[in-house]
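Read through the structure below, which is laid out as structure tokens, and then see the notes.
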Amino acid sequence: MIVCENIKKAQLLYKHIQQEVSKHTGISVFIYQRDYQEFTVGQTANGLTHGNIIIATNLAGRGTDIKVSEQLHKSSGLHVILSYLPNNIQIEQQAFGRSAQKGQNGSGQMILCVDGFSDSMSDEFHLKDERNFNESYRISEMLFSRFKEVFQRFMS
């Protein structure tokens, strides 16, 4: 499963993989981009098997029960690729949580394409630190705003 940042990026990736990969390899490619869509990929009695690629948005992946076949479970399980750096760590963990639901085997990795990004792993950590700092700042601003509102009511 490849989790994309938004519907537009999911559709672009789906189109590219559908054209280039599936016609040469016979791999089945599916797109799941909205949470109100019925998720039918791998929902047979056997579940999701090897050779299936699911392109999804983070919204579509939330709360979706992805059943994997016994063969896929025994070998490696579902592999999730997160194709962007989410705004907060909860979304990141939720995406990777798709890989091993209910104690199943699974794996995940983040693959980022960022202009000017060097090969150093420390840059990935720097990006995550900056993201986490920004999220902490956003939350503290919300809390301060709420505190200020309550304080003003109390003082009037």
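By order in the structure tokens, chains are A, B, ...; within a chain, residues start at 1; ligands start at 1, following the order shown.
Excluding segment 100-108 of chain A itself and same-chain residues fewer than 3 positions from it, the residues having an atom within 10 Å of it are Met1, Ile2, Asp65, Ile66, Lys67, Val68, Leu72, His73, Lys74, Ser75, Ser76, Gly77, Leu78, His79, Val80, Ile81, Leu82, Ala95, Phe96, Gly97 and Ile111 of chain A, counting only C-alpha atoms.
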Got a sec to tell me which of chain A DSSP assigns to helix (DSSP H, G or I), as a PyMOL selection string?
chain A and resi 7-25+58-61+70-75+89-103+121-155
Residue contacts of segment 87-94 of chain A (8 Å, only C-alpha atoms) excluding same-chain residues fewer than 6 positions away, as an mmCIF file with N, CA and C atoms, in the first residue's frame:
data_model
loop_
_atom_site.group_PDB
_atom_site.id
_atom_site.type_symbol
_atom_site.label_atom_id
_atom_site.label_comp_id
_atom_site.auth_asym_id
_atom_site.auth_seq_id
_atom_site.Cartn_x
_atom_site.Cartn_y
_atom_site.Cartn_z
ATOM 1 N N ASN A 58 -4.266 9.123 2.957
ATOM 2 C CA ASN A 58 -4.261 8.847 4.386
ATOM 3 C C ASN A 58 -5.687 8.751 4.927
ATOM 4 N N ARG A 62 -7.610 5.247 6.926
ATOM 5 C CA ARG A 62 -7.984 5.301 8.328
ATOM 6 C C ARG A 62 -9.184 4.393 8.609
ATOM 7 N N ARG A 131 9.104 19.272 11.979
ATOM 8 C CA ARG A 131 7.674 18.981 11.948
ATOM 9 C C ARG A 131 7.109 18.875 13.359
ATOM 10 N N ASN A 132 7.804 18.152 14.231
ATOM 11 C CA ASN A 132 7.333 17.965 15.604
ATOM 12 C C ASN A 132 7.332 19.288 16.371
ATOM 13 N N GLU A 135 4.347 21.311 15.187
ATOM 14 C CA GLU A 135 3.104 20.767 15.741
ATOM 15 C C GLU A 135 2.970 21.142 17.220
#
From atom CA of Arg34 of chain A to atom CA of Ile7 of chain A the spacing works out at 8.1 Å
Out of A:Leu85, A:Met110, A:Leu59, A:Ile53, which residue has the shortest atom-to-atom distance to Asn6 of chain A when counting only C-alpha atoms?
A:Leu59
Where does DSSP see strand (DSSP E or B) in segment 4-154 of chain A, if you list the residues as a list in words?
Cys4, Ser28, Val29, Phe30, Ile31, Tyr32, Leu48, Asn52, Ile53, Ile54, Ile55, Ala56, Thr57, Val68, Leu78, His79, Val80, Ile81, Leu82, Gly106, Ser107, Gly108, Gln109 and Met110 of chain A
Surrounding residues of Ile17 of chain A excluding itself and chain neighbours under 6 positions, 10 Å, only C-alpha atoms, as a PyMOL selection string:
chain A and resi 11+23+27-30+53+55
As a ChimeraX atom specification, please: the residues near Gly26 of chain A (cut-off 12 Å, only C-alpha atoms, same-chain neighbours under 4 positions excluded).
/A:17-22,50-53
Writing out the chosen residues with C-alpha atoms as an mmCIF file, in the first residue's frame:
data_model
loop_
_atom_site.group_PDB
_atom_site.id
_atom_site.type_symbol
_atom_site.label_atom_id
_atom_site.label_comp_id
_atom_site.auth_asym_id
_atom_site.auth_seq_id
_atom_site.Cartn_x
_atom_site.Cartn_y
_atom_site.Cartn_z
ATOM 1 C CA ILE A 17 1.866 2.705 -11.991
ATOM 2 C CA GLN A 18 -1.173 1.427 -13.874
ATOM 3 C CA GLN A 19 0.435 2.359 -17.207
ATOM 4 C CA GLU A 20 4.020 1.330 -16.498
ATOM 5 C CA VAL A 21 3.968 -1.483 -13.957
ATOM 6 C CA SER A 22 0.781 -3.441 -14.414
ATOM 7 C CA HIS A 50 1.003 -10.969 -3.354
ATOM 8 C CA GLY A 51 1.054 -8.880 -6.495
ATOM 9 C CA ASN A 52 -1.463 -6.256 -5.450
ATOM 10 C CA ILE A 53 -0.645 -2.572 -5.071
#
